[in-house]
$ cat my_file_20.cif   # mmCIF, C-alpha atoms
data_start
#
loop_
_atom_site.group_PDB
_atom_site.id
_atom_site.type_symbol
_atom_site.label_atom_id
_atom_site.label_comp_id
_atom_site.auth_asym_id
_atom_site.auth_seq_id
_atom_site.Cartn_x
_atom_site.Cartn_y
_atom_site.Cartn_z
ATOM 1 C CA MET A 1 34.982 -56.676 -5.601
ATOM 2 C CA ARG A 2 37.243 -55.184 -2.944
ATOM 3 C CA ARG A 3 37.516 -51.934 -4.895
ATOM 4 C CA ALA A 4 33.724 -51.708 -5.271
ATOM 5 C CA ILE A 5 33.346 -52.103 -1.500
ATOM 6 C CA VAL A 6 35.986 -49.405 -0.891
ATOM 7 C CA GLY A 7 34.016 -47.031 -3.122
ATOM 8 C CA ALA A 8 30.713 -47.790 -1.390
ATOM 9 C CA ILE A 9 32.245 -47.281 2.070
ATOM 10 C CA ALA A 10 33.679 -43.947 0.928
ATOM 11 C CA SER A 11 30.104 -42.940 0.093
ATOM 12 C CA GLY A 12 28.884 -43.820 3.577
ATOM 13 C CA VAL A 13 27.641 -47.401 3.183
ATOM 14 C CA ARG A 14 28.148 -49.625 6.203
ATOM 15 C CA ASP A 15 25.587 -52.380 5.602
ATOM 16 C CA PHE A 16 26.041 -54.821 2.713
ATOM 17 C CA ARG A 17 24.089 -57.806 1.396
ATOM 18 C CA TYR A 18 25.615 -60.053 -1.228
ATOM 19 C CA MET A 19 25.057 -63.168 -3.306
ATOM 20 C CA PRO A 20 27.425 -65.946 -2.182
ATOM 21 C CA ASP A 21 29.552 -67.448 -4.952
ATOM 22 C CA THR A 22 31.154 -70.872 -5.153
ATOM 23 C CA HIS A 23 34.688 -69.425 -5.112
ATOM 24 C CA GLY A 24 34.049 -67.219 -2.084
ATOM 25 C CA ILE A 25 35.188 -64.113 -3.941
ATOM 26 C CA THR A 26 32.845 -61.672 -2.218
ATOM 27 C CA ALA A 27 33.290 -63.255 1.199
ATOM 28 C CA SER A 28 37.086 -63.054 0.870
ATOM 29 C CA ALA A 29 36.912 -59.406 -0.140
ATOM 30 C CA ALA A 30 34.557 -58.638 2.747
ATOM 31 C CA ASP A 31 36.933 -60.245 5.276
ATOM 32 C CA GLU A 32 39.488 -57.528 4.558
ATOM 33 C CA PHE A 33 37.251 -54.834 6.074
ATOM 34 C CA GLY A 34 36.828 -56.324 9.543
ATOM 35 C CA ASP A 35 34.402 -54.296 11.651
ATOM 36 C CA GLU A 36 34.401 -51.382 9.237
ATOM 37 C CA ALA A 37 31.173 -52.638 7.649
ATOM 38 C CA ASN A 38 28.565 -55.358 8.091
ATOM 39 C CA PHE A 39 28.368 -58.064 5.390
ATOM 40 C CA VAL A 40 25.576 -60.645 5.185
ATOM 41 C CA ALA A 41 25.165 -63.294 2.478
ATOM 42 C CA VAL A 42 21.592 -63.743 1.267
ATOM 43 C CA GLU A 43 20.092 -67.180 0.813
ATOM 44 C CA THR A 44 19.919 -68.541 -2.718
ATOM 45 C CA THR A 45 19.965 -71.844 -4.575
ATOM 46 C CA GLN A 46 23.191 -73.669 -5.450
ATOM 47 C CA THR A 47 22.412 -74.999 -8.927
ATOM 48 C CA ALA A 48 25.263 -73.308 -10.843
ATOM 49 C CA SER A 49 22.603 -71.902 -13.189
ATOM 50 C CA THR A 50 20.753 -68.637 -13.773
ATOM 51 C CA LEU A 51 18.288 -69.730 -11.099
ATOM 52 C CA ASP A 52 20.870 -68.845 -8.436
ATOM 53 C CA THR A 53 21.044 -65.255 -9.693
ATOM 54 C CA ILE A 54 17.255 -65.000 -9.952
ATOM 55 C CA ARG A 55 16.796 -66.202 -6.367
ATOM 56 C CA ALA A 56 19.561 -63.925 -5.089
ATOM 57 C CA ALA A 57 17.898 -60.940 -6.775
ATOM 58 C CA GLN A 58 14.627 -61.789 -5.061
ATOM 59 C CA ALA A 59 16.414 -62.068 -1.726
ATOM 60 C CA LEU A 60 18.180 -58.710 -2.194
ATOM 61 C CA GLN A 61 14.838 -57.097 -2.988
ATOM 62 C CA ALA A 62 13.343 -58.603 0.172
ATOM 63 C CA GLU A 63 16.263 -57.150 2.156
ATOM 64 C CA GLY A 64 15.408 -53.671 0.871
ATOM 65 C CA CYS A 65 18.740 -52.973 -0.830
ATOM 66 C CA GLY A 66 19.000 -49.383 -2.056
ATOM 67 C CA ALA A 67 21.282 -50.207 -4.995
ATOM 68 C CA VAL A 68 22.952 -53.303 -6.434
ATOM 69 C CA ILE A 69 26.295 -53.712 -8.188
ATOM 70 C CA THR A 70 26.130 -56.494 -10.768
ATOM 71 C CA LEU A 71 29.337 -58.005 -12.112
ATOM 72 C CA GLY A 72 28.905 -59.915 -15.356
ATOM 73 C CA GLY A 73 27.531 -59.664 -18.845
ATOM 74 C CA ASP A 74 24.179 -59.398 -20.571
ATOM 75 C CA GLY A 75 23.074 -62.846 -19.386
ATOM 76 C CA THR A 76 23.877 -62.118 -15.742
ATOM 77 C CA ASN A 77 21.920 -58.870 -15.807
ATOM 78 C CA ARG A 78 18.980 -60.511 -17.562
ATOM 79 C CA ALA A 79 18.879 -63.216 -14.892
ATOM 80 C CA PHE A 80 19.000 -60.566 -12.174
ATOM 81 C CA ALA A 81 16.129 -58.677 -13.836
ATOM 82 C CA LEU A 82 14.064 -61.869 -13.922
ATOM 83 C CA GLY A 83 14.307 -61.888 -10.138
ATOM 84 C CA TRP A 84 13.985 -58.139 -9.535
ATOM 85 C CA ARG A 85 12.923 -56.352 -12.703
ATOM 86 C CA ASP A 86 12.992 -52.718 -11.537
ATOM 87 C CA ALA A 87 16.024 -52.832 -9.254
ATOM 88 C CA THR A 88 18.446 -49.902 -9.061
ATOM 89 C CA VAL A 89 21.692 -51.260 -10.514
ATOM 90 C CA VAL A 90 25.237 -50.301 -11.406
ATOM 91 C CA PRO A 91 26.065 -52.965 -14.029
ATOM 92 C CA VAL A 92 29.830 -53.490 -14.326
ATOM 93 C CA SER A 93 30.883 -55.321 -17.474
ATOM 94 C CA THR A 94 33.106 -58.391 -17.224
ATOM 95 C CA GLY A 95 33.970 -60.837 -19.984
ATOM 96 C CA THR A 96 33.237 -60.132 -23.662
ATOM 97 C CA ASN A 97 30.372 -59.180 -25.950
ATOM 98 C CA ASN A 98 28.377 -57.126 -23.443
ATOM 99 C CA VAL A 99 25.820 -54.481 -24.396
ATOM 100 C CA PHE A 100 23.806 -53.820 -21.233
ATOM 101 C CA PRO A 101 26.599 -53.378 -18.627
ATOM 102 C CA THR A 102 29.324 -50.771 -19.073
ATOM 103 C CA MET A 103 33.100 -50.777 -18.703
ATOM 104 C CA VAL A 104 33.656 -48.761 -15.540
ATOM 105 C CA GLU A 105 36.298 -48.844 -12.811
ATOM 106 C CA ALA A 106 34.971 -50.729 -9.792
ATOM 107 C CA THR A 107 35.991 -48.149 -7.174
ATOM 108 C CA VAL A 108 33.899 -45.354 -8.681
ATOM 109 C CA ALA A 109 31.102 -47.808 -9.539
ATOM 110 C CA GLY A 110 30.887 -48.713 -5.860
ATOM 111 C CA SER A 111 30.932 -45.050 -4.897
ATOM 112 C CA ALA A 112 28.050 -44.229 -7.275
ATOM 113 C CA ALA A 113 26.019 -47.166 -5.984
ATOM 114 C CA GLY A 114 26.654 -46.041 -2.413
ATOM 115 C CA LEU A 115 25.582 -42.466 -3.101
ATOM 116 C CA VAL A 116 22.249 -43.625 -4.482
ATOM 117 C CA ALA A 117 21.716 -46.370 -1.895
ATOM 118 C CA THR A 118 22.183 -43.942 0.991
ATOM 119 C CA GLY A 119 19.902 -41.336 -0.571
ATOM 120 C CA GLN A 120 22.604 -38.670 -0.794
ATOM 121 C CA VAL A 121 22.032 -38.548 -4.544
ATOM 122 C CA PRO A 122 18.413 -38.915 -5.773
ATOM 123 C CA ARG A 123 17.986 -41.927 -8.043
ATOM 124 C CA GLU A 124 15.743 -40.006 -10.459
ATOM 125 C CA ALA A 125 18.500 -37.407 -10.983
ATOM 126 C CA VAL A 126 21.213 -39.856 -12.085
ATOM 127 C CA ALA A 127 19.481 -43.041 -13.272
ATOM 128 C CA ARG A 128 17.063 -43.981 -16.018
ATOM 129 C CA GLN A 129 14.677 -46.903 -16.141
ATOM 130 C CA VAL A 130 15.615 -48.981 -19.176
ATOM 131 C CA LYS A 131 13.456 -50.821 -21.670
ATOM 132 C CA ALA A 132 12.804 -54.557 -21.545
ATOM 133 C CA VAL A 133 11.334 -57.058 -23.995
ATOM 134 C CA HIS A 134 8.430 -58.934 -22.424
ATOM 135 C CA VAL A 135 7.908 -62.389 -23.935
ATOM 136 C CA GLU A 136 4.640 -64.281 -23.478
ATOM 137 C CA ILE A 137 4.867 -67.916 -24.607
ATOM 138 C CA GLU A 138 1.711 -69.877 -25.244
ATOM 139 C CA GLY A 139 1.105 -72.390 -22.442
ATOM 140 C CA GLU A 140 4.380 -71.596 -20.646
ATOM 141 C CA ARG A 141 5.876 -69.074 -18.229
ATOM 142 C CA ASP A 142 6.702 -65.587 -19.461
ATOM 143 C CA ASP A 143 10.267 -64.447 -20.097
ATOM 144 C CA LEU A 144 12.314 -61.282 -20.449
ATOM 145 C CA ALA A 145 15.202 -59.742 -22.383
ATOM 146 C CA LEU A 146 17.025 -56.464 -21.758
ATOM 147 C CA VAL A 147 18.667 -55.969 -25.176
ATOM 148 C CA ASP A 148 17.167 -58.298 -27.779
ATOM 149 C CA ALA A 149 14.841 -61.243 -28.265
ATOM 150 C CA VAL A 150 15.481 -63.326 -31.383
ATOM 151 C CA LEU A 151 13.770 -66.243 -33.108
ATOM 152 C CA ALA A 152 16.266 -68.642 -34.704
ATOM 153 C CA ALA A 153 15.524 -71.620 -36.924
ATOM 154 C CA ASP A 154 16.866 -74.208 -34.497
ATOM 155 C CA ARG A 155 15.133 -77.167 -32.857
ATOM 156 C CA PHE A 156 17.201 -77.398 -29.680
ATOM 157 C CA VAL A 157 18.816 -74.956 -27.279
ATOM 158 C CA GLY A 158 22.184 -76.755 -27.459
ATOM 159 C CA SER A 159 25.096 -74.395 -26.838
ATOM 160 C CA ARG A 160 23.745 -71.121 -25.499
ATOM 161 C CA ALA A 161 25.401 -68.574 -27.760
ATOM 162 C CA ILE A 162 23.958 -67.732 -31.177
ATOM 163 C CA TRP A 163 26.260 -68.626 -34.052
ATOM 164 C CA GLY A 164 25.407 -68.498 -37.734
ATOM 165 C CA GLY A 165 23.364 -65.587 -39.052
ATOM 166 C CA GLU A 166 21.686 -67.731 -41.687
ATOM 167 C CA ARG A 167 19.450 -69.244 -38.965
ATOM 168 C CA LEU A 168 18.122 -65.914 -37.664
ATOM 169 C CA ARG A 169 14.474 -65.250 -38.487
ATOM 170 C CA GLU A 170 13.091 -62.334 -36.469
ATOM 171 C CA ALA A 171 14.241 -59.976 -33.705
ATOM 172 C CA VAL A 172 12.920 -57.275 -31.391
ATOM 173 C CA LEU A 173 15.524 -54.867 -30.013
ATOM 174 C CA THR A 174 15.359 -52.374 -27.147
ATOM 175 C CA ARG A 175 18.443 -50.666 -28.590
ATOM 176 C CA ALA A 176 20.249 -50.796 -31.914
ATOM 177 C CA GLU A 177 23.909 -49.873 -31.545
ATOM 178 C CA PRO A 178 26.293 -49.823 -34.521
ATOM 179 C CA SER A 179 29.325 -49.881 -32.201
ATOM 180 C CA ALA A 180 28.174 -52.957 -30.250
ATOM 181 C CA VAL A 181 28.776 -56.645 -30.929
ATOM 182 C CA GLY A 182 25.836 -59.018 -31.310
ATOM 183 C CA ILE A 183 22.340 -58.930 -32.745
ATOM 184 C CA THR A 184 21.894 -55.290 -31.714
ATOM 185 C CA SER A 185 24.593 -54.321 -34.227
ATOM 186 C CA ILE A 186 22.448 -55.545 -37.141
ATOM 187 C CA GLY A 187 19.750 -53.030 -36.317
ATOM 188 C CA GLY A 188 22.327 -50.402 -35.397
ATOM 189 C CA LEU A 189 23.955 -50.548 -38.826
ATOM 190 C CA LEU A 190 20.529 -50.049 -40.436
ATOM 191 C CA GLU A 191 18.769 -47.647 -38.082
ATOM 192 C CA PRO A 192 20.445 -46.720 -34.793
ATOM 193 C CA LEU A 193 18.175 -46.671 -31.743
ATOM 194 C CA THR A 194 19.416 -45.399 -28.386
ATOM 195 C CA PRO A 195 18.356 -46.731 -24.976
ATOM 196 C CA ASP A 196 16.782 -43.326 -24.231
ATOM 197 C CA GLU A 197 14.388 -43.375 -27.191
ATOM 198 C CA ASP A 198 10.863 -44.533 -26.344
ATOM 199 C CA GLU A 199 10.701 -46.983 -29.240
ATOM 200 C CA ALA A 200 11.864 -50.476 -30.153
ATOM 201 C CA LEU A 201 13.163 -51.945 -33.415
ATOM 202 C CA HIS A 202 11.684 -54.960 -35.198
ATOM 203 C CA LEU A 203 13.741 -56.937 -37.735
ATOM 204 C CA LYS A 204 12.647 -59.664 -40.141
ATOM 205 C CA LEU A 205 15.757 -61.588 -41.120
ATOM 206 C CA GLY A 206 16.559 -63.765 -44.086
ATOM 207 C CA PRO A 207 16.488 -63.173 -47.838
ATOM 208 C CA GLY A 208 13.431 -61.603 -49.396
ATOM 209 C CA GLU A 209 12.230 -59.108 -51.969
ATOM 210 C CA GLY A 210 13.399 -55.572 -51.210
ATOM 211 C CA GLY A 211 15.781 -56.775 -48.529
ATOM 212 C CA VAL A 212 19.371 -55.781 -47.868
ATOM 213 C CA SER A 213 22.524 -57.492 -46.665
ATOM 214 C CA VAL A 214 24.272 -56.013 -43.631
ATOM 215 C CA LEU A 215 27.874 -56.885 -42.745
ATOM 216 C CA ALA A 216 27.594 -56.981 -38.957
ATOM 217 C CA PRO A 217 29.789 -58.052 -36.006
ATOM 218 C CA ILE A 218 27.393 -60.649 -34.604
ATOM 219 C CA ALA A 219 29.968 -62.166 -32.235
ATOM 220 C CA PRO A 220 33.462 -61.288 -30.961
ATOM 221 C CA GLY A 221 35.890 -61.733 -33.838
ATOM 222 C CA LEU A 222 33.119 -62.472 -36.341
ATOM 223 C CA TYR A 223 31.691 -60.198 -39.032
ATOM 224 C CA GLU A 224 29.013 -61.899 -41.112
ATOM 225 C CA PRO A 225 26.655 -60.742 -43.883
ATOM 226 C CA ILE A 226 23.102 -60.841 -42.523
ATOM 227 C CA ALA A 227 20.091 -60.688 -44.824
ATOM 228 C CA VAL A 228 17.402 -58.314 -43.567
ATOM 229 C CA ARG A 229 14.152 -58.193 -45.489
ATOM 230 C CA MET A 230 12.396 -55.654 -43.257
ATOM 231 C CA HIS A 231 13.056 -53.315 -40.352
ATOM 232 C CA GLU A 232 10.638 -51.004 -38.577
ATOM 233 C CA ARG A 233 10.367 -49.008 -35.392
ATOM 234 C CA LEU A 234 7.772 -50.059 -32.827
ATOM 235 C CA ALA A 235 5.952 -47.948 -30.273
ATOM 236 C CA LEU A 236 6.364 -49.069 -26.682
ATOM 237 C CA GLY A 237 3.647 -51.616 -25.921
ATOM 238 C CA GLU A 238 3.169 -52.603 -29.579
ATOM 239 C CA THR A 239 3.111 -56.396 -29.952
ATOM 240 C CA ILE A 240 4.865 -58.735 -32.373
ATOM 241 C CA SER A 241 3.603 -62.313 -32.792
ATOM 242 C CA LEU A 242 5.934 -65.217 -33.591
ATOM 243 C CA LYS A 243 5.252 -68.896 -34.199
ATOM 244 C CA GLY A 244 7.381 -71.993 -33.858
ATOM 245 C CA PRO A 245 9.179 -74.123 -34.625
ATOM 246 C CA GLY A 246 12.327 -72.407 -33.486
ATOM 247 C CA VAL A 247 14.409 -71.318 -30.548
ATOM 248 C CA LEU A 248 14.044 -68.010 -28.757
ATOM 249 C CA ALA A 249 17.327 -66.364 -27.777
ATOM 250 C CA PHE A 250 17.441 -63.593 -25.187
ATOM 251 C CA ASP A 251 20.371 -61.177 -24.945
ATOM 252 C CA GLY A 252 22.575 -63.406 -27.075
ATOM 253 C CA GLU A 253 21.805 -66.786 -25.492
ATOM 254 C CA ARG A 254 19.383 -69.437 -26.704
ATOM 255 C CA GLU A 255 16.903 -70.102 -23.923
ATOM 256 C CA ARG A 256 13.464 -71.358 -24.971
ATOM 257 C CA VAL A 257 12.194 -73.819 -27.590
ATOM 258 C CA LEU A 258 9.033 -72.989 -29.527
ATOM 259 C CA LYS A 259 7.242 -76.098 -30.717
ATOM 260 C CA PRO A 260 5.648 -76.178 -34.198
ATOM 261 C CA GLY A 261 2.682 -73.820 -34.190
ATOM 262 C CA GLN A 262 3.368 -72.574 -30.642
ATOM 263 C CA ALA A 263 2.911 -68.806 -30.391
ATOM 264 C CA ALA A 264 4.974 -66.156 -28.637
ATOM 265 C CA THR A 265 4.088 -62.480 -28.234
ATOM 266 C CA LEU A 266 6.775 -59.833 -27.767
ATOM 267 C CA ARG A 267 6.383 -56.233 -26.594
ATOM 268 C CA VAL A 268 8.776 -53.637 -25.239
ATOM 269 C CA ALA A 269 8.081 -51.511 -22.150
ATOM 270 C CA ARG A 270 10.173 -49.073 -20.148
ATOM 271 C CA ASP A 271 9.863 -51.010 -16.901
ATOM 272 C CA GLY A 272 13.258 -52.678 -16.574
ATOM 273 C CA PRO A 273 16.039 -51.904 -14.086
ATOM 274 C CA TRP A 274 16.985 -48.372 -13.079
ATOM 275 C CA VAL A 275 20.568 -48.044 -14.360
ATOM 276 C CA VAL A 276 22.757 -45.553 -12.507
ATOM 277 C CA ASP A 277 24.966 -43.292 -14.625
ATOM 278 C CA VAL A 278 28.222 -43.434 -12.649
ATOM 279 C CA HIS A 279 29.595 -40.192 -14.086
ATOM 280 C CA ALA A 280 26.323 -38.337 -13.421
ATOM 281 C CA ALA A 281 26.155 -39.630 -9.840
ATOM 282 C CA LEU A 282 29.685 -38.515 -9.003
ATOM 283 C CA GLU A 283 29.209 -35.184 -10.756
ATOM 284 C CA TYR A 284 26.035 -34.591 -8.713
ATOM 285 C CA ALA A 285 27.948 -35.451 -5.533
ATOM 286 C CA ALA A 286 30.794 -33.119 -6.486
ATOM 287 C CA CYS A 287 28.447 -30.185 -7.166
ATOM 288 C CA ALA A 288 26.704 -30.854 -3.847
ATOM 289 C CA GLY A 289 30.057 -30.893 -2.028
ATOM 290 C CA LEU A 290 29.469 -34.384 -0.663
ATOM 291 C CA TYR A 291 33.154 -35.318 -0.763
ATOM 292 C CA ARG A 292 34.460 -31.972 0.444
ATOM 293 C CA ASP A 293 35.877 -31.670 3.977
ATOM 294 C CA GLU A 294 35.928 -28.182 5.485
ATOM 295 C CA ALA A 295 38.790 -29.289 7.709
ATOM 296 C CA LEU A 296 41.054 -32.156 6.794
ATOM 297 C CA PRO A 297 41.115 -35.013 9.334
ATOM 298 C CA GLY A 298 43.959 -34.539 11.790
ATOM 299 C CA ASP A 299 44.208 -30.759 11.480
ATOM 300 C CA SER A 300 44.643 -29.027 14.816
ATOM 301 C CA PRO A 301 42.274 -26.167 15.794
ATOM 302 C CA GLU A 302 45.143 -23.729 15.127
ATOM 303 C CA GLU A 303 45.724 -25.127 11.637
ATOM 304 C CA GLN A 304 41.989 -25.023 10.918
ATOM 305 C CA LYS A 305 41.863 -21.355 11.954
ATOM 306 C CA LEU A 306 44.853 -20.569 9.714
ATOM 307 C CA GLN A 307 43.049 -22.226 6.784
ATOM 308 C CA GLN A 308 39.900 -20.195 7.483
ATOM 309 C CA ASP A 309 41.985 -16.988 7.707
ATOM 310 C CA GLY A 310 43.788 -17.817 4.482
ATOM 311 C CA GLY A 311 47.071 -18.482 6.281
#
$ encode --input "my_file_20.cif" --output "structure tokens"
Amino acid sequence: MRRAIVGAIASGVRDFRYMPDTHGITASAADEFGDEANFVAVETTQTASTLDTIRAAQALQAEGCGAVITLGGDGTNRAFALGWRDATVVPVSTGTNNVFPTMVEATVAGSAAGLVATGQVPREAVARQVKAVHVEIEGERDDLALVDAVLAADRFVGSRAIWGGERLREAVLTRAEPSAVGITSIGGLLEPLTPDEDEALHLKLGPGEGGVSVLAPIAPGLYEPIAVRMHERLALGETISLKGPGVLAFDGERERVLKPGQAATLRVARDGPWVVDVHAALEYAACAGLYRDEALPGDSPEEQKLQQDGG
């Protein structure tokens, strides 16, 4: 966190808003900077659940934040998107089994976020709005996934993570990546689909005529043969209808129970968060000379003149 702040300050940021955490990590990091920058914690709930992240995202949106650094995995970023779906984010991966956030050093991540937040680098030049799975559940509130939405043959949410490919029934993916871990790898090993392509991938899972078996890394340290009886690309906006009983899992975590006969409709749209490409942002800044000093701090007028004269 301290390194991300250093990077943002180097890009000209002096005003920060942050989500308070129970361990005081961000507040402790902020204390190190004294009067160099202004740090304000936004109000959120204290439930130790995804609701805290959702409320914090809403508060950051209300504050008018120009860019947000998220630290976490797929679930953290999904929760943030539930609160502020089209935020401008630099998602920094922590933990394991992440598809949406990327492994990037925090100092340069903070710098990229700062460049976009301050308007020195145009968002549209270095970020792309990602796809999201919109989930409409009959008689209940809507939901969202950033990577995949899956129907599993379970009756209860229980432990959040999906284990056991034999229970998987159907999936809609915004991306299908053969080098990733999780449900997205199943589609990726059949028909790769990049985040930039304006399509989605629909899988029907389980044994069936004309199907195939795919040996996929569905969890860290776990390859498992997954039966796939059908896969097809979907146009953005095309709907898929599912019916319970079962459990809907979003971005690798079981979240919602479908009762027997209860319907859910899934569609993919490119209206999710704007994800900043850290490399592209810093390359843009370099080409624009944003980090270049004509005279180094501390040089005397005589030394500056010698530099200009080639001395």
$ closest_residue --input "my_file_20.cif" --among "A:His279, A:Arg175, A:His231, A:Arg167" --to "A:Leu248" --atoms "all atoms listed in the file"
A:Arg167
$ resolve_selection --input "my_file_20.cif" --expression "the PyMOL selection byres ((chain A and resi 16) around 7)" --output "short mmCIF file (atom, residue, chain, number, x, y, z; two decimals) with C-alpha atoms, keeping the file's coordinate frame"
data_model
loop_
_atom_site.label_atom_id
_atom_site.label_comp_id
_atom_site.auth_asym_id
_atom_site.auth_seq_id
_atom_site.Cartn_x
_atom_site.Cartn_y
_atom_site.Cartn_z
CA ARG A 14 28.15 -49.62 6.20
CA ASP A 15 25.59 -52.38 5.60
CA ARG A 17 24.09 -57.81 1.40
CA TYR A 18 25.62 -60.05 -1.23
CA ASN A 38 28.56 -55.36 8.09
CA PHE A 39 28.37 -58.06 5.39
CA VAL A 40 25.58 -60.64 5.18
#
$ resolve_selection --input "my_file_20.cif" --expression "the PyMOL selection byres ((chain A and resi 80-94) around 9)" --output "VMD selection string"
chain A and resid 50 to 51 53 to 61 65 to 79 95 to 96 98 to 106 109 to 110 112 to 113 116 to 117 123 127 129 to 130 143 to 146 271 to 278
$ resolve_selection --input "my_file_20.cif" --expression "the PyMOL selection byres ((chain A and resi 258) around 10)" --output "PyMOL selection string"
chain A and resi 137-138+151-156+242-248+256-257+259-264
$ residues_around --input "my_file_20.cif" --residues "stretch 197-211 of chain A" --least-positions-apart "6" --cutoff "6 Å" --atoms "all atoms listed in the file" --output "list in words"
Arg169, Glu170, Ala171, Val172, Leu173, Thr174, Ala227, Val228, Arg229, Met230, His231, Glu232, Arg233, Leu234, Ala235 and Leu236 of chain A
$ closest_residue --input "my_file_20.cif" --among "A:Ala176, A:Leu222, A:Ala30, A:Leu168" --to "A:Asn97" --atoms "only C-alpha atoms"
A:Leu222
$ closest_residue --input "my_file_20.cif" --among "A:Ser111, A:Thr184, A:Thr44, A:Thr118" --to "A:Val150" --atoms "all atoms listed in the file"
A:Thr184
$ closest_residue --input "my_file_20.cif" --among "A:Glu166, A:Glu32, A:Val13, A:Pro178" --to "A:Ser213" --atoms "all atoms listed in the file"
A:Glu166
$ closest_residue --input "my_file_20.cif" --among "A:Ile5, A:Ala288, A:Ala48, A:Leu190" --to "A:Asp31" --atoms "all atoms listed in the file"
A:Ile5
$ atom_distance --input "my_file_20.cif" --atom1 "atom CA of A:Glu255" --atom2 "atom CA of A:Leu215"
25.5 Å
$ axis_aligned_box --input "my_file_20.cif" --around "stretch 211-221 of chain A" --padding-each-side "5 Å" --output "lines of an AutoDock Vina configuration file"
center_x = 25.8
center_y = -59.0
center_z = -39.7
size_x = 30.1
size_y = 16.4
size_z = 27.6
$ closest_residue --input "my_file_20.cif" --among "A:Thr45, A:Ala285, A:Glu36, A:Glu224" --to "A:Met19" --atoms "all atoms listed in the file"
A:Thr45
$ atom_distance --input "my_file_20.cif" --atom1 "atom CA of A:Asp293" --atom2 "atom CA of A:Ser11"
13.2 Å
$ build_atoms --input "my_file_20.cif" --residues "stretch 31-46 of chain A" --atoms "N, CA and C atoms" --output "compact mmCIF listing (two decimals), in the coordinates of the input"
# COMPACT_ATOMS: atom_id res chain seq x y z
N ASP A 31 36.11 -59.96 4.09
CA ASP A 31 36.93 -60.24 5.28
C ASP A 31 38.00 -59.19 5.51
N GLU A 32 38.42 -58.51 4.43
CA GLU A 32 39.49 -57.53 4.56
C GLU A 32 39.05 -56.28 5.33
N PHE A 33 37.74 -56.08 5.50
CA PHE A 33 37.25 -54.83 6.07
C PHE A 33 36.92 -54.95 7.56
N GLY A 34 37.04 -56.14 8.11
CA GLY A 34 36.83 -56.32 9.54
C GLY A 34 35.51 -55.75 10.03
N ASP A 35 35.60 -54.90 11.06
CA ASP A 35 34.40 -54.30 11.65
C ASP A 35 34.01 -52.98 10.99
N GLU A 36 34.69 -52.65 9.90
CA GLU A 36 34.40 -51.38 9.24
C GLU A 36 33.01 -51.36 8.61
N ALA A 37 32.50 -52.54 8.26
CA ALA A 37 31.17 -52.64 7.65
C ALA A 37 30.59 -54.00 7.97
N ASN A 38 29.28 -54.12 7.81
CA ASN A 38 28.56 -55.36 8.09
C ASN A 38 28.21 -56.05 6.78
N PHE A 39 28.62 -57.30 6.62
CA PHE A 39 28.37 -58.06 5.39
C PHE A 39 27.54 -59.30 5.71
N VAL A 40 26.44 -59.49 4.97
CA VAL A 40 25.58 -60.64 5.18
C VAL A 40 25.26 -61.28 3.83
N ALA A 41 25.51 -62.57 3.70
CA ALA A 41 25.16 -63.29 2.48
C ALA A 41 23.68 -63.63 2.49
N VAL A 42 23.01 -63.39 1.36
CA VAL A 42 21.59 -63.74 1.27
C VAL A 42 21.47 -65.22 0.87
N GLU A 43 20.33 -65.79 1.16
CA GLU A 43 20.09 -67.18 0.81
C GLU A 43 19.69 -67.30 -0.65
N THR A 44 20.26 -68.28 -1.33
CA THR A 44 19.92 -68.54 -2.72
C THR A 44 20.11 -70.02 -2.99
N THR A 45 19.76 -70.44 -4.19
CA THR A 45 19.96 -71.84 -4.58
C THR A 45 21.43 -72.06 -4.94
N GLN A 46 21.82 -73.31 -5.08
CA GLN A 46 23.19 -73.67 -5.45
C GLN A 46 23.14 -74.64 -6.64
